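As structure tokens, the structure follows; a few thoughts come after it.
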Number of protein chains: 2
Amino acid sequence: MGADRGEDALARLNRLVAQDLQACNTLIIQRMQSPVALIPQLAAHIIAAGGKRLRPLLTLATSRLCGYEGARHVALAACVEFIHTATLLHDDVVDESALRRGQASANALFGNKASVLVGDFLFARAFQLMIEDKNLEVLRILAGASATIAEGEVLQLITQNDLSSTEAQYLEVIQGKTAALFAAAARLGAVVGDRPQAEAEALDAYGNNLGIAFQLVDDALDYSAEQARLGKTVGDDFREGKITLPVLTAFHAGDAAEQEFWRRTLEAGEQNDDDFAEAQRLIARHRGIERTIERAELYGNAALKALEIFPNGEARAALADVVRFCIERAR
Amino acid sequence: MGADRGEDALARLNRLVAQDLQACNTLIIQRMQSPVALIPQLAAHIIAAGGKRLRPLLTLATSRLCGYEGARHVALAACVEFIHTATLLHDDVVDESALRRGQASANALFGNKASVLVGDFLFARAFQLMIEDKNLEVLRILAGASATIAEGEVLQLITQNDLSSTEAQYLEVIQGKTAALFAAAARLGAVVGDRPQAEAEALDAYGNNLGIAFQLVDDALDYSAEQARLGKTVGDDFREGKITLPVLTAFHAGDAAEQEFWRRTLEAGEQNDDDFAEAQRLIARHRGIERTIERAELYGNAALKALEIFPNGEARAALADVVRFCIERAR
């Protein structure tokens with residue numbers, strides 16, 4: 001299945017930076033500690049949940065690609081993961097309106113407030129860690145990415161429940177909320193490796209295009225019948241009224257009755273038990289998933305293209321694998 | 001009245017750094033801009049709400065005290081205000097439990113999620129601004145304060161609704177959530193002024209003690225009959241089940257029936273319309289407000305004491321005024 005091929009696809013990457021990743025994980029556990037016990041408890045709940053560590057892996061692998069042999073990249077990879085975890089925690093925060101619709105929230109265990117404050121702590125910790133690196137370019141990259149992430153998240157909030165939002169706005173949202181951190185994570189390799197500007201920009205372009213592809217696939221999978229069959233959660237975006245590319249595709253190609261369906265479920269937020277299945281049918285009718293994946297492939301190819309200025313070798317191959325992993329999990 | 005005397009008390013300070021404060025306000029408006037329109041809208045709602053700018057004023061005045069004549073302190077004062085505003089926005093986030101009790105939330109206008117995300121943006125902007133200063137000591141101070149603030153806020157969340165929490169824990173909470181940023185704001189003056197470590201530590205001690213005094217008075221005023229008479233909001237802490245010094249004083253000195261009252265209202269969160277008035281009566285009976293103010297005076301005196309290593313002059317007098325302002329608004 002797609003998921004298994006995906007894991008295989010990351011094997012070379014994981015082998016390449018296995019020791020660095022272990023050091024990074026140790027540092028993450030060490031630096032999320034606090035005398036306030038709820039902080040490591042809640043942080044561990046997310047951090048230890050065993051994500052793929054995709055973003056820190058990018059920093060570790062691009063550092064390798066750039067011939068860096070020191071230890072700075074380990075701490076910077078931990079920074080990247082802390083920033084990502086903070087945004088996940090803040091993404092968990094729900095609004096009164098969402099609570100009223102009786103949705104189960106990801107923060108059910110700890111509550112809104114704890115998610116926000118522990119996220120703030122991790123964000124502050126990320127900055128403390130990166131300051132220890134004492135490099136202003138590193139600081140500029142990660143602080144800039146943090147601001148862009150917040151802008152992307154706010155834009156997502158604004159365009160939510162609004163079917164008049166455009167594909168351009170959608171791309172701006174995912175560039176901000178997802179691709180900015182991928183780009184920063186990848187670019188850091190060129191900074192610690194002290195490589196020329198052209199290589200920093202190539203890695204930035206690689207990360208940015210990869211991040212957009214990754215999010216496009218994520219948004220496609222949220223309507224995938226195959227994912228549901230594999231026991232993965234689907235339908236989150238639908239329930240939250242997020243306007244993603246599969247939806248925009250089906251909405252703009254749909255007839256009046258279909259458009260009325262989307263308006264009721266996503267704009268007015270009136271959803272019945274059968275509505276998600278209907279949403280999946282309408283998206284399938286207009287090939288919304290396939291078109292979204294095709295778009296992801298274009299960005300994936302741009303990511304691969306950006307790697308071409310680097311010499312062929314294990315590190316470059318591992319970074320190319322990440323692109324294939326992101327696309328193939330959709331198949 | 002106390003409030004008016006308080007404004008007078010800050011007149012010298014405001015006169016001393018009037019131009020700097022104006023430059024700081026201009027920079028704040030400029031740097032909170034974003035193509036995502038909701039960000040400046042929501043930020044303006046809090047930033048333009050016309051706080052006293054107490055924290056940035058500390059940075060401006062201590063820079064003057066330290067003989068600094070450049071422009072770095074203006075941007076750093078703006079950073080301090082951005083960090084403060086971000087924490088205010090995140091403080092606005094409410095939990096499902098609070099919503100269930102039907103409380104009006106400070107974020108009613110924009111919602112939890114917008115408060116969190118715009119707070120994140122301002123926090124990231126603060127870091128971008130301070131990175132432009134290119135001084136690692138400045139970065140360490142402000143990143144450290146940010147982590148301490150988050151720890152204090154989480155500790156407050158844990159001790160909320162828990163009458164077994166101690167006075168020591170309460171002091172730890174207010175040291176983190178309030179005093180850490182006062183201390184950082186004041187210390188920055190010594191850094192930009194390139195003064196010896198002893199002066200940096202004296203200003204840190206000044207800010208820290210001032211911040212604790214400020215928060216103690218704030219917590220006393222939240223039960224003040226006089227404040228209510230002046231039309232100010234009171235009772236927020238009571239409704240949120242915060243365990244502050246006036247409450248701990250009345251709880252520990254109270255008889256069994258009184259302790260039962262506090263358990264029902266603050267621990268179980270069962271509150272009737274008359275309960276806040278009863279809470280005020282019980283606190284008055286055990287002199288909870290007076291004892292809290294007396295404690296604030298001790299910290300205020302420690303703040304004044306810390307200023308003594310600096311030469312007498314307008315800047316030092318203005319900083320001493322801030323201490324008096326913080327205490328006198330309680331009278």
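As shown in the structure tokens, the chain order sets the letters A, B, ...; within each chain, residues go from 1, and ligands are also counted from 1 in the order they appear.
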
Could I have chain B as a compact mmCIF listing (two decimals) with C-alpha atoms, in the first residue's frame after it is superimposed on chain A by least squares, pairing all C-alpha atoms in sequence order?
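Once everything was written out, this is superposed.txt:
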# COMPACT_ATOMS: atom_id res chain seq x y z
CA MET B 1 -0.04 0.01 0.09
CA GLY B 2 0.94 3.65 -0.31
CA ALA B 3 1.77 4.05 3.35
CA ASP B 4 4.26 1.18 3.34
CA ARG B 5 5.96 2.28 0.13
CA GLY B 6 6.18 5.70 1.77
CA GLU B 7 8.05 4.38 4.81
CA ASP B 8 10.44 2.48 2.53
CA ALA B 9 11.05 5.68 0.59
CA LEU B 10 12.45 7.33 3.73
CA ALA B 11 14.70 4.39 4.67
CA ARG B 12 17.77 5.77 2.85
CA LEU B 13 17.29 9.18 4.47
CA ASN B 14 16.89 7.67 7.93
CA ARG B 15 19.99 5.53 7.41
CA LEU B 16 22.02 8.49 6.19
CA VAL B 17 21.42 10.63 9.28
CA ALA B 18 20.54 7.94 11.84
CA GLN B 19 23.09 9.07 14.43
CA ASP B 20 22.24 12.75 13.97
CA LEU B 21 18.54 12.03 14.32
CA GLN B 22 19.16 10.13 17.53
CA ALA B 23 21.20 13.06 18.90
CA CYS B 24 18.39 15.40 17.82
CA ASN B 25 15.75 13.31 19.60
CA THR B 26 17.84 13.26 22.77
CA LEU B 27 18.23 17.02 22.63
CA ILE B 28 14.49 17.48 22.07
CA ILE B 29 13.64 15.45 25.17
CA GLN B 30 16.32 17.29 27.18
CA ARG B 31 15.26 20.78 26.15
CA MET B 32 11.51 20.33 26.57
CA GLN B 33 12.04 19.78 30.30
CA SER B 34 10.73 22.29 32.81
CA PRO B 35 10.11 22.34 36.57
CA VAL B 36 6.47 22.87 35.57
CA ALA B 37 5.58 19.21 35.04
CA LEU B 38 2.61 19.73 32.70
CA ILE B 39 4.98 21.18 30.07
CA PRO B 40 7.06 18.04 29.39
CA GLN B 41 3.93 15.89 29.88
CA LEU B 42 1.95 17.69 27.21
CA ALA B 43 4.96 18.22 24.93
CA ALA B 44 5.80 14.52 25.10
CA HIS B 45 2.25 13.72 24.13
CA ILE B 46 2.87 15.41 20.78
CA ILE B 47 6.61 15.07 20.29
CA ALA B 48 6.82 11.41 21.28
CA ALA B 49 3.68 10.62 19.28
CA GLY B 50 6.26 9.47 16.75
CA GLY B 51 5.91 11.73 13.78
CA LYS B 52 8.26 11.10 10.92
CA ARG B 53 10.44 14.07 11.99
CA LEU B 54 10.31 15.12 8.35
CA ARG B 55 11.32 18.74 8.98
CA PRO B 56 14.35 18.09 11.22
CA LEU B 57 15.37 15.32 8.80
CA LEU B 58 15.57 17.97 6.08
CA THR B 59 18.00 20.05 8.14
CA LEU B 60 20.11 17.01 8.95
CA ALA B 61 20.21 15.78 5.34
CA THR B 62 20.86 19.16 3.70
CA SER B 63 23.71 19.75 6.19
CA ARG B 64 25.19 16.46 5.03
CA LEU B 65 24.61 17.44 1.38
CA CYS B 66 26.54 20.65 2.04
CA GLY B 67 29.49 18.77 3.45
CA TYR B 68 29.00 20.04 6.99
CA GLU B 69 30.77 17.90 9.58
CA GLY B 70 30.16 19.73 12.89
CA ALA B 71 27.28 19.40 15.36
CA ARG B 72 25.35 22.66 14.90
CA HIS B 73 22.76 21.08 12.61
CA VAL B 74 21.52 18.77 15.39
CA ALA B 75 20.40 21.67 17.60
CA LEU B 76 18.93 23.52 14.63
CA ALA B 77 16.97 20.42 13.62
CA ALA B 78 15.60 20.31 17.18
CA CYS B 79 14.60 24.01 16.84
CA VAL B 80 12.71 23.21 13.66
CA GLU B 81 10.85 20.38 15.38
CA PHE B 82 10.01 22.61 18.38
CA ILE B 83 8.58 25.29 16.07
CA HIS B 84 6.57 22.61 14.24
CA THR B 85 5.28 21.16 17.52
CA ALA B 86 4.30 24.62 18.78
CA THR B 87 2.24 25.22 15.64
CA LEU B 88 0.61 21.79 15.99
CA LEU B 89 -0.39 22.64 19.57
CA HIS B 90 -1.76 26.02 18.51
CA ASP B 91 -3.61 24.37 15.64
CA ASP B 92 -5.38 22.27 18.27
CA VAL B 93 -7.07 25.32 19.71
CA VAL B 94 -10.73 25.37 18.89
CA ASP B 95 -13.32 28.08 18.86
CA GLU B 96 -16.58 28.30 20.66
CA SER B 97 -18.36 27.79 17.34
CA ALA B 98 -16.51 24.52 16.80
CA LEU B 99 -17.33 23.39 20.33
CA ARG B 100 -20.96 24.21 19.72
CA ARG B 101 -20.98 21.89 16.73
CA GLY B 102 -19.91 19.20 19.18
CA GLN B 103 -16.67 18.30 17.48
CA ALA B 104 -14.12 16.25 19.29
CA SER B 105 -11.07 18.48 19.60
CA ALA B 106 -7.52 17.24 19.36
CA ASN B 107 -6.83 19.10 22.59
CA ALA B 108 -9.58 17.26 24.46
CA LEU B 109 -7.08 15.82 26.91
CA PHE B 110 -5.54 19.09 28.07
CA GLY B 111 -7.74 21.95 26.90
CA ASN B 112 -7.24 25.03 24.75
CA LYS B 113 -5.31 27.02 27.27
CA ALA B 114 -2.72 24.36 28.01
CA SER B 115 -2.17 23.82 24.28
CA VAL B 116 -1.53 27.51 23.77
CA LEU B 117 0.79 27.98 26.72
CA VAL B 118 2.88 24.86 26.19
CA GLY B 119 3.14 25.83 22.51
CA ASP B 120 4.43 29.23 23.62
CA PHE B 121 6.98 27.56 25.85
CA LEU B 122 8.26 25.36 23.00
CA PHE B 123 8.42 28.36 20.69
CA ALA B 124 10.46 30.28 23.28
CA ARG B 125 12.69 27.21 23.78
CA ALA B 126 13.24 27.02 20.03
CA PHE B 127 14.49 30.60 20.11
CA GLN B 128 16.71 29.94 23.11
CA LEU B 129 18.23 26.96 21.29
CA MET B 130 18.85 28.87 18.08
CA ILE B 131 20.40 31.80 19.95
CA GLU B 132 22.96 29.35 21.34
CA ASP B 133 24.02 28.81 17.72
CA LYS B 134 25.07 32.49 17.68
CA ASN B 135 24.49 32.94 13.95
CA LEU B 136 22.33 35.85 12.85
CA GLU B 137 21.49 34.30 9.46
CA VAL B 138 20.09 31.22 11.20
CA LEU B 139 18.03 33.48 13.47
CA ARG B 140 16.72 35.51 10.53
CA ILE B 141 15.66 32.36 8.66
CA LEU B 142 13.82 30.78 11.56
CA ALA B 143 12.22 33.98 12.90
CA GLY B 144 11.11 34.84 9.36
CA ALA B 145 9.61 31.38 8.88
CA SER B 146 7.78 31.70 12.21
CA ALA B 147 6.18 34.99 11.16
CA THR B 148 5.21 33.53 7.77
CA ILE B 149 3.66 30.46 9.41
CA ALA B 150 1.49 32.68 11.61
CA GLU B 151 0.41 34.74 8.59
CA GLY B 152 -0.50 31.56 6.69
CA GLU B 153 -2.51 30.25 9.63
CA VAL B 154 -4.40 33.53 10.01
CA LEU B 155 -5.14 33.60 6.27
CA GLN B 156 -6.45 30.04 6.55
CA LEU B 157 -8.72 31.14 9.37
CA ILE B 158 -10.05 34.04 7.28
CA THR B 159 -10.69 31.94 4.16
CA GLN B 160 -12.27 29.10 6.14
CA ASN B 161 -15.99 28.64 5.46
CA ASP B 162 -15.66 30.97 2.46
CA LEU B 163 -16.12 29.37 -0.96
CA SER B 164 -15.31 32.66 -2.68
CA SER B 165 -11.71 32.29 -1.55
CA THR B 166 -9.46 31.62 -4.52
CA GLU B 167 -6.96 28.97 -5.49
CA ALA B 168 -4.26 31.65 -5.21
CA GLN B 169 -5.29 32.30 -1.60
CA TYR B 170 -5.29 28.58 -0.91
CA LEU B 171 -1.74 28.32 -2.26
CA GLU B 172 -0.73 31.30 -0.13
CA VAL B 173 -2.14 29.55 2.93
CA ILE B 174 -0.24 26.32 2.39
CA GLN B 175 2.93 28.17 1.41
CA GLY B 176 2.74 29.94 4.77
CA LYS B 177 1.45 27.29 7.11
CA THR B 178 3.53 24.39 5.72
CA ALA B 179 6.10 25.26 3.05
CA ALA B 180 7.80 28.12 4.92
CA LEU B 181 9.16 25.80 7.61
CA PHE B 182 10.18 23.12 5.07
CA ALA B 183 12.07 25.84 3.18
CA ALA B 184 13.76 27.16 6.32
CA ALA B 185 14.65 23.64 7.51
CA ALA B 186 16.28 22.80 4.17
CA ARG B 187 18.06 26.15 3.82
CA LEU B 188 19.78 25.76 7.20
CA GLY B 189 22.02 23.05 5.72
CA ALA B 190 23.60 25.60 3.37
CA VAL B 191 24.09 28.05 6.26
CA VAL B 192 25.89 25.64 8.60
CA GLY B 193 27.81 24.27 5.59
CA ASP B 194 28.82 27.85 4.74
CA ARG B 195 27.83 27.36 1.10
CA PRO B 196 27.27 30.12 -1.49
CA GLN B 197 23.98 31.99 -1.73
CA ALA B 198 22.91 30.08 -4.86
CA GLU B 199 22.95 26.80 -2.95
CA ALA B 200 21.05 28.32 -0.01
CA GLU B 201 18.41 29.49 -2.45
CA ALA B 202 18.29 26.14 -4.21
CA LEU B 203 17.68 24.37 -0.89
CA ASP B 204 15.07 26.97 0.03
CA ALA B 205 13.31 26.32 -3.31
CA TYR B 206 13.58 22.57 -2.74
CA GLY B 207 11.99 22.85 0.72
CA ASN B 208 9.34 25.29 -0.39
CA ASN B 209 8.18 23.19 -3.35
CA LEU B 210 8.37 20.02 -1.28
CA GLY B 211 6.26 21.62 1.45
CA ILE B 212 3.57 22.71 -0.99
CA ALA B 213 3.51 19.22 -2.56
CA PHE B 214 3.32 17.66 0.91
CA GLN B 215 0.36 19.81 1.93
CA LEU B 216 -1.48 19.31 -1.38
CA VAL B 217 -1.22 15.54 -0.89
CA ASP B 218 -2.34 15.91 2.74
CA ASP B 219 -5.37 17.86 1.62
CA ALA B 220 -6.17 15.25 -1.07
CA LEU B 221 -5.84 12.38 1.41
CA ASP B 222 -8.35 14.01 3.74
CA TYR B 223 -11.06 13.02 1.20
CA SER B 224 -9.56 9.66 0.22
CA ALA B 225 -11.66 6.50 0.42
CA GLU B 226 -8.46 4.43 0.43
CA GLN B 227 -7.15 6.27 3.53
CA ALA B 228 -10.42 5.60 5.31
CA ARG B 229 -10.11 1.93 4.38
CA LEU B 230 -6.61 1.89 5.94
CA GLY B 231 -8.10 3.17 9.18
CA LYS B 232 -6.64 6.68 8.87
CA THR B 233 -8.65 9.70 9.91
CA VAL B 234 -10.34 11.48 7.03
CA GLY B 235 -12.83 14.34 6.86
CA ASP B 236 -11.15 16.71 9.32
CA ASP B 237 -10.87 19.51 6.75
CA PHE B 238 -14.49 19.02 5.73
CA ARG B 239 -15.72 19.23 9.32
CA GLU B 240 -13.64 22.35 9.93
CA GLY B 241 -14.87 24.02 6.75
CA LYS B 242 -11.38 24.36 5.28
CA ILE B 243 -11.40 25.36 1.63
CA THR B 244 -8.79 23.06 0.05
CA LEU B 245 -8.00 22.31 -3.58
CA PRO B 246 -10.13 19.12 -3.85
CA VAL B 247 -13.11 21.18 -2.66
CA LEU B 248 -12.40 24.17 -4.90
CA THR B 249 -12.10 21.79 -7.87
CA ALA B 250 -15.43 20.10 -7.17
CA PHE B 251 -17.17 23.35 -6.25
CA HIS B 252 -16.20 25.23 -9.42
CA ALA B 253 -16.97 22.25 -11.69
CA GLY B 254 -20.23 21.43 -9.87
CA ASP B 255 -23.79 22.18 -10.94
CA ALA B 256 -26.16 24.39 -8.97
CA ALA B 257 -27.29 21.60 -6.63
CA GLU B 258 -23.72 20.59 -5.92
CA GLN B 259 -22.69 24.17 -5.22
CA GLU B 260 -25.63 24.44 -2.87
CA PHE B 261 -24.39 21.32 -1.07
CA TRP B 262 -20.94 22.87 -0.55
CA ARG B 263 -22.47 26.16 0.59
CA ARG B 264 -24.61 24.43 3.18
CA THR B 265 -21.91 22.12 4.53
CA LEU B 266 -18.81 24.34 4.34
CA GLU B 267 -20.09 27.91 4.48
CA ALA B 268 -23.11 27.50 6.75
CA GLY B 269 -21.43 24.61 8.57
CA GLU B 270 -24.63 22.55 8.58
CA GLN B 271 -23.46 18.97 8.28
CA ASN B 272 -25.34 15.69 8.59
CA ASP B 273 -23.85 12.23 9.08
CA ASP B 274 -24.08 11.41 5.35
CA ASP B 275 -22.57 14.62 4.11
CA PHE B 276 -18.91 13.60 4.19
CA ALA B 277 -19.64 10.57 2.00
CA GLU B 278 -21.49 12.87 -0.40
CA ALA B 279 -18.53 15.27 -0.40
CA GLN B 280 -16.26 12.36 -1.30
CA ARG B 281 -18.61 11.35 -4.15
CA LEU B 282 -18.73 14.89 -5.57
CA ILE B 283 -14.95 15.26 -5.36
CA ALA B 284 -14.53 11.87 -7.10
CA ARG B 285 -16.99 12.90 -9.83
CA HIS B 286 -14.86 15.94 -10.68
CA ARG B 287 -11.51 14.15 -10.14
CA GLY B 288 -10.67 16.53 -7.29
CA ILE B 289 -8.17 14.17 -5.65
CA GLU B 290 -6.38 13.31 -8.92
CA ARG B 291 -6.11 16.95 -9.91
CA THR B 292 -4.71 17.87 -6.51
CA ILE B 293 -2.14 15.07 -6.72
CA GLU B 294 -1.20 16.14 -10.25
CA ARG B 295 -0.59 19.61 -8.91
CA ALA B 296 1.51 18.13 -6.10
CA GLU B 297 3.59 16.32 -8.72
CA LEU B 298 4.37 19.61 -10.44
CA TYR B 299 5.68 21.06 -7.18
CA GLY B 300 7.48 17.80 -6.45
CA ASN B 301 9.25 18.03 -9.81
CA ALA B 302 10.25 21.62 -9.07
CA ALA B 303 11.72 20.39 -5.76
CA LEU B 304 13.72 17.70 -7.58
CA LYS B 305 14.86 20.24 -10.16
CA ALA B 306 16.18 22.52 -7.41
CA LEU B 307 18.46 19.71 -6.21
CA GLU B 308 20.20 19.44 -9.59
CA ILE B 309 22.90 22.00 -8.82
CA PHE B 310 24.22 19.63 -6.14
CA PRO B 311 26.56 16.74 -6.96
CA ASN B 312 24.89 13.38 -7.29
CA GLY B 313 25.36 11.23 -4.24
CA GLU B 314 23.69 9.64 -1.26
CA ALA B 315 22.53 12.88 0.40
CA ARG B 316 20.97 14.25 -2.77
CA ALA B 317 19.33 10.88 -3.48
CA ALA B 318 17.91 10.80 0.05
CA LEU B 319 16.46 14.29 -0.37
CA ALA B 320 14.93 13.23 -3.69
CA ASP B 321 13.42 10.24 -1.86
CA VAL B 322 11.55 12.65 0.41
CA VAL B 323 9.82 14.13 -2.63
CA ARG B 324 8.79 10.66 -3.81
CA PHE B 325 7.65 9.77 -0.30
CA CYS B 326 5.40 12.82 -0.19
CA ILE B 327 3.81 12.06 -3.54
CA GLU B 328 3.63 8.28 -3.26
CA ARG B 329 1.75 8.17 0.01
CA ALA B 330 -1.17 9.45 -2.07
CA ARG B 331 -1.17 6.41 -4.33

- Query: Could you pull out the alpha helix (DSSP H) residues of stretch 71-256 of chain A from DSSP and send them as a PyMOL selection string?
  - Reply: chain A and resi 72-91+96-100+112-132+136-159+167-174+180-192+197-221+225-229+236-240+245-253+256
